[in-house]
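A.B. asks: This is start.cif, which holds mmCIF, C-alpha atoms:
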data_model
loop_
_atom_site.label_atom_id
_atom_site.label_comp_id
_atom_site.auth_asym_id
_atom_site.auth_seq_id
_atom_site.Cartn_x
_atom_site.Cartn_y
_atom_site.Cartn_z
CA MET S 816 167.04 206.06 75.95
CA ARG S 817 166.53 202.38 75.09
CA THR S 818 168.45 200.27 77.59
CA GLY S 819 168.78 196.49 77.61
CA ILE S 820 170.54 194.19 80.02
CA PHE S 821 172.40 190.97 79.22
CA VAL S 822 172.94 188.98 82.40
CA GLY S 823 174.81 185.83 83.30
CA SER S 824 177.65 184.38 85.30
CA PHE S 825 179.90 184.55 82.23
CA ASN S 826 182.33 182.06 83.72
CA PRO S 827 184.01 182.50 81.30
CA PHE S 828 182.62 184.99 78.76
CA THR S 829 182.74 183.08 75.46
CA ILE S 830 182.64 183.91 71.76
CA GLY S 831 178.97 182.92 71.92
CA HIS S 832 178.30 185.62 74.53
CA ASP S 833 180.26 188.11 72.44
CA SER S 834 178.10 187.25 69.43
CA ILE S 835 174.92 187.99 71.40
CA VAL S 836 176.32 191.33 72.62
CA THR S 837 177.42 192.33 69.11
CA ARG S 838 174.04 191.42 67.63
CA ALA S 839 172.00 193.02 70.46
CA LEU S 840 173.88 196.32 70.53
CA PRO S 841 172.16 197.86 67.46
CA LEU S 842 168.80 197.42 69.24
CA PHE S 843 169.74 199.71 72.14
CA ASP S 844 171.23 203.06 73.01
CA ARG S 845 172.82 201.39 76.04
CA LEU S 846 173.51 197.73 76.84
CA VAL S 847 174.44 196.78 80.39
CA ILE S 848 176.18 193.45 80.86
CA GLY S 849 175.25 192.26 84.33
CA VAL S 850 177.73 189.81 85.82
CA VAL S 851 176.36 187.61 88.60
CA GLY S 852 178.07 188.56 91.83
CA ASP S 853 180.08 186.34 94.10
CA GLN S 854 177.09 184.90 95.97
CA VAL S 855 176.72 182.23 93.27
CA HIS S 856 179.32 179.50 93.48
CA LYS S 857 179.97 177.36 90.45
CA PRO S 858 182.96 175.08 89.87
CA ASP S 859 186.16 177.06 89.27
CA MET S 860 184.27 180.39 89.41
CA SER S 861 186.48 183.41 88.92
CA SER S 862 185.61 186.33 91.18
CA ALA S 863 182.97 188.74 89.92
CA GLU S 864 185.62 191.45 89.87
CA GLU S 865 187.85 189.38 87.54
CA ARG S 866 184.97 188.51 85.22
CA ILE S 867 183.77 192.14 85.11
CA LYS S 868 187.27 193.43 84.34
CA ALA S 869 187.78 190.91 81.52
CA ILE S 870 184.46 191.79 79.87
CA ALA S 871 184.90 195.55 80.39
CA ASP S 872 188.35 195.34 78.79
CA LEU S 873 186.84 193.59 75.79
CA TYR S 874 184.37 196.45 75.21
CA ARG S 875 186.45 199.37 76.49
CA ASP S 876 186.15 201.17 73.14
CA GLU S 877 182.34 200.85 72.96
CA PRO S 878 180.73 203.62 75.06
CA ARG S 879 177.23 202.13 74.76
CA ILE S 880 178.28 199.06 76.77
CA GLU S 881 178.62 199.05 80.55
CA VAL S 882 179.64 196.05 82.65
CA LYS S 883 178.40 195.84 86.24
CA PRO S 884 177.89 193.25 88.98
CA TYR S 885 174.36 192.29 89.84
CA TYR S 886 172.80 190.43 92.73
CA GLY S 887 169.33 189.00 93.05
CA LEU S 888 166.69 188.99 90.33
CA ALA S 889 167.44 190.12 86.79
CA VAL S 890 164.22 192.18 86.78
CA ASP S 891 165.42 194.11 89.84
CA PHE S 892 168.74 194.78 88.09
CA ALA S 893 166.81 195.87 84.97
CA ARG S 894 164.72 198.31 87.02
CA ALA S 895 167.84 199.71 88.70
CA GLU S 896 169.37 200.31 85.25
CA ASN S 897 166.12 201.75 83.81
CA ALA S 898 166.10 198.90 81.29
CA HIS S 899 162.91 197.68 79.66
CA PHE S 900 164.44 194.63 78.01
CA ILE S 901 166.43 191.57 79.05
CA VAL S 902 168.53 190.02 76.29
CA LYS S 903 169.13 186.27 76.36
CA GLY S 904 170.92 183.89 74.02
CA VAL S 905 169.34 180.59 73.03
CA ARG S 906 171.35 177.66 71.66
CA SER S 907 168.82 174.83 71.69
CA VAL S 908 165.23 173.79 72.32
CA LYS S 909 166.25 173.07 75.92
CA ASP S 910 167.54 176.65 76.31
CA PHE S 911 164.40 177.98 74.61
CA GLU S 912 162.01 176.26 77.02
CA TYR S 913 163.96 177.46 80.06
CA GLU S 914 164.23 181.04 78.77
CA ARG S 915 160.57 181.14 77.71
CA GLU S 916 159.49 180.25 81.26
CA GLN S 917 161.87 182.84 82.72
CA ALA S 918 160.59 185.47 80.28
CA ASP S 919 156.96 184.75 81.27
CA ILE S 920 157.73 185.10 84.99
CA ASN S 921 159.85 188.22 84.47
CA ARG S 922 157.05 189.85 82.45
CA GLN S 923 154.49 188.93 85.16
CA LEU S 924 156.72 190.33 87.92
CA SER S 925 157.78 193.52 86.21
CA GLY S 926 156.39 194.05 82.73
CA ILE S 927 159.96 193.80 81.41
CA GLU S 928 160.20 191.99 78.08
CA THR S 929 162.83 189.42 77.15
CA ILE S 930 164.42 189.41 73.73
CA LEU S 931 165.75 186.00 72.67
CA LEU S 932 168.56 185.91 70.16
CA TYR S 933 169.30 182.55 68.64
CA SER S 934 172.89 181.40 68.64
CA GLU S 935 174.74 181.55 65.39
CA PRO S 936 175.12 177.91 64.24
CA GLN S 937 178.90 177.84 64.71
CA PHE S 938 178.45 178.79 68.39
CA SER S 939 175.54 176.50 69.28
CA SER S 940 177.69 173.93 71.06
CA ILE S 941 179.83 176.44 72.96
CA SER S 942 179.05 176.97 76.62
CA SER S 943 180.98 178.27 79.59
CA THR S 944 180.63 174.82 81.17
CA MET S 945 182.22 173.18 78.12
CA VAL S 946 185.07 175.71 78.14
CA ARG S 947 185.73 175.15 81.86
CA GLU S 948 185.73 171.37 81.37
CA LEU S 949 188.21 171.58 78.50
CA GLN S 950 190.41 173.91 80.59
CA HIS S 951 190.30 171.39 83.44
CA PHE S 952 191.82 168.79 81.11
CA GLY S 953 194.52 171.14 79.88
CA VAL S 954 193.03 171.93 76.47
CA ASP S 955 193.83 175.33 74.94
CA VAL S 956 190.43 177.07 74.89
CA SER S 957 191.56 180.37 73.35
CA GLN S 958 189.50 179.70 70.19
CA TYR S 959 186.33 179.84 72.35
CA LEU S 960 187.17 183.16 74.04
CA PRO S 961 186.78 186.58 72.43
CA HIS S 962 190.03 188.49 71.89
CA LYS S 963 189.01 191.50 69.86
CA ASN S 964 188.53 195.06 70.95
CA HIS S 965 185.25 196.63 69.88
#
Is it possible to express this structure as structure tokens?
C.D. replies:
Amino acid sequence: MRTGIFVGSFNPFTIGHDSIVTRALPLFDRLVIGVVGDQVHKPDMSSAEERIKAIADLYRDEPRIEVKPYYGLAVDFARAENAHFIVKGVRSVKDFEYEREQADINRQLSGIETILLYSEPQFSSISSTMVRELQHFGVDVSQYLPHKNH
């Protein structure tokens, strides 16, 4: 069984994240979305339980997707899930350089490969940070959040 993991804080899970999941799913028999647990504190961070529930609800009709909390290194989570691939989204050159370095270290530590999927152009400026900032100023951010059931 080909298993991949897609990890992040997903605070919140955006239409950009949904695009990566939708595009990665055909590559795997099983895709596990790993939501960073509560040990990481970012501004206005929803609890891991709330973030997991929201994402799991989004994909409740897709049996190949599982949503779980994870703590520690992504490669340790990948091993625990019997995954041989980590899926990451890349929006810019800045993202690419960061993810390339992470991929090199993860491969050295574990032999686990990273698959980079480039953001679709219409999503390249969307980030969880941007969504949180707009929310802070009272802007309706619903257009940046996925609403469909898969």
A.B. asks: What is the CA of Ser934 (chain S) to CA of Pro878 (chain S) distance in Å?
C.D. replies: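 Those two atoms sit 24.4 Å apart.
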A.B. asks: CA of Gly819 (chain S) and CA of Gln923 (chain S), how far apart in Å?
C.D. replies: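 About the pair CA of Gln923 (chain S) and CA of Gly819 (chain S): they are 17.8 Å apart.
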A.B. asks: I need the residue nearest Ser862 (chain S) from this list: S:Arg875, S:Asp919, S:Ser824, S:Tyr959. Use all atoms listed in the file for the distance.
C.D. replies: S:Ser824
A.B. asks: Would you work out the distance separating CA of Val851 (chain S) from CA of Tyr913 (chain S), expressed in Å to one decimal?
C.D. replies: 18.2 Å
A.B. asks: Would you write out, as a VMD selection string, every residue that the PyMOL selection byres ((chain S and resi 921) around 12) captures in this file?
C.D. replies: chain S and resid 888 to 894 899 to 901 914 to 920 922 to 930
A.B. asks: Can you list, as a list in words, every protein, DNA or RNA residue that comes within 10 Å of His962 (chain S) when you count all atoms listed in the file, leaving out same-chain residues fewer than 5 positions away?
C.D. replies: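 Here the answer would be Thr829, Ile830, Asp833, Asp872, Leu873 and Ser957 of chain S.
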A.B. asks: Under the rule that only C-alpha atoms are counted, which of S:Val836, S:Leu846, S:Val882, S:Ala869 is the nearest residue to Ala898 (chain S)?
C.D. replies: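 Comparing S:Val836, S:Leu846, S:Val882, S:Ala869 against Ala898 (chain S), the winner is S:Leu846.
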A.B. asks: Selected by the PyMOL selection byres ((chain S and resi 881) around 9) in the shown coordinates: which residues, as a PyMOL selection string?
C.D. replies: chain S and resi 845-849+871+874-875+877-880+882-883
A.B. asks: Starting from the shown file, work through the PyMOL selection byres ((chain S and resi 941-952) around 8) and note down what comes out as JSON, numbers by chain.
C.D. replies: {"S": [825, 826, 827, 828, 829, 831, 859, 938, 939, 940, 953, 954, 955, 956, 959]}
A.B. asks: Using all atoms listed in the file, determine which residues lie at most 8 Å from Phe843 (chain S), disregarding the query and same-chain residues fewer than 3 positions distant; provide the list as a PDB file with C-alpha atoms, in the frame of the given file.
C.D. replies:
ATOM      1  CA  MET S 816     167.040 206.060  75.950  1.00  0.00           C
ATOM      2  CA  ARG S 817     166.530 202.380  75.090  1.00  0.00           C
ATOM      3  CA  THR S 818     168.450 200.270  77.590  1.00  0.00           C
ATOM      4  CA  GLY S 819     168.780 196.490  77.610  1.00  0.00           C
ATOM      5  CA  ALA S 839     172.000 193.020  70.460  1.00  0.00           C
ATOM      6  CA  LEU S 840     173.880 196.320  70.530  1.00  0.00           C
ATOM      7  CA  LEU S 846     173.510 197.730  76.840  1.00  0.00           C
TER       8      LEU S 846
END
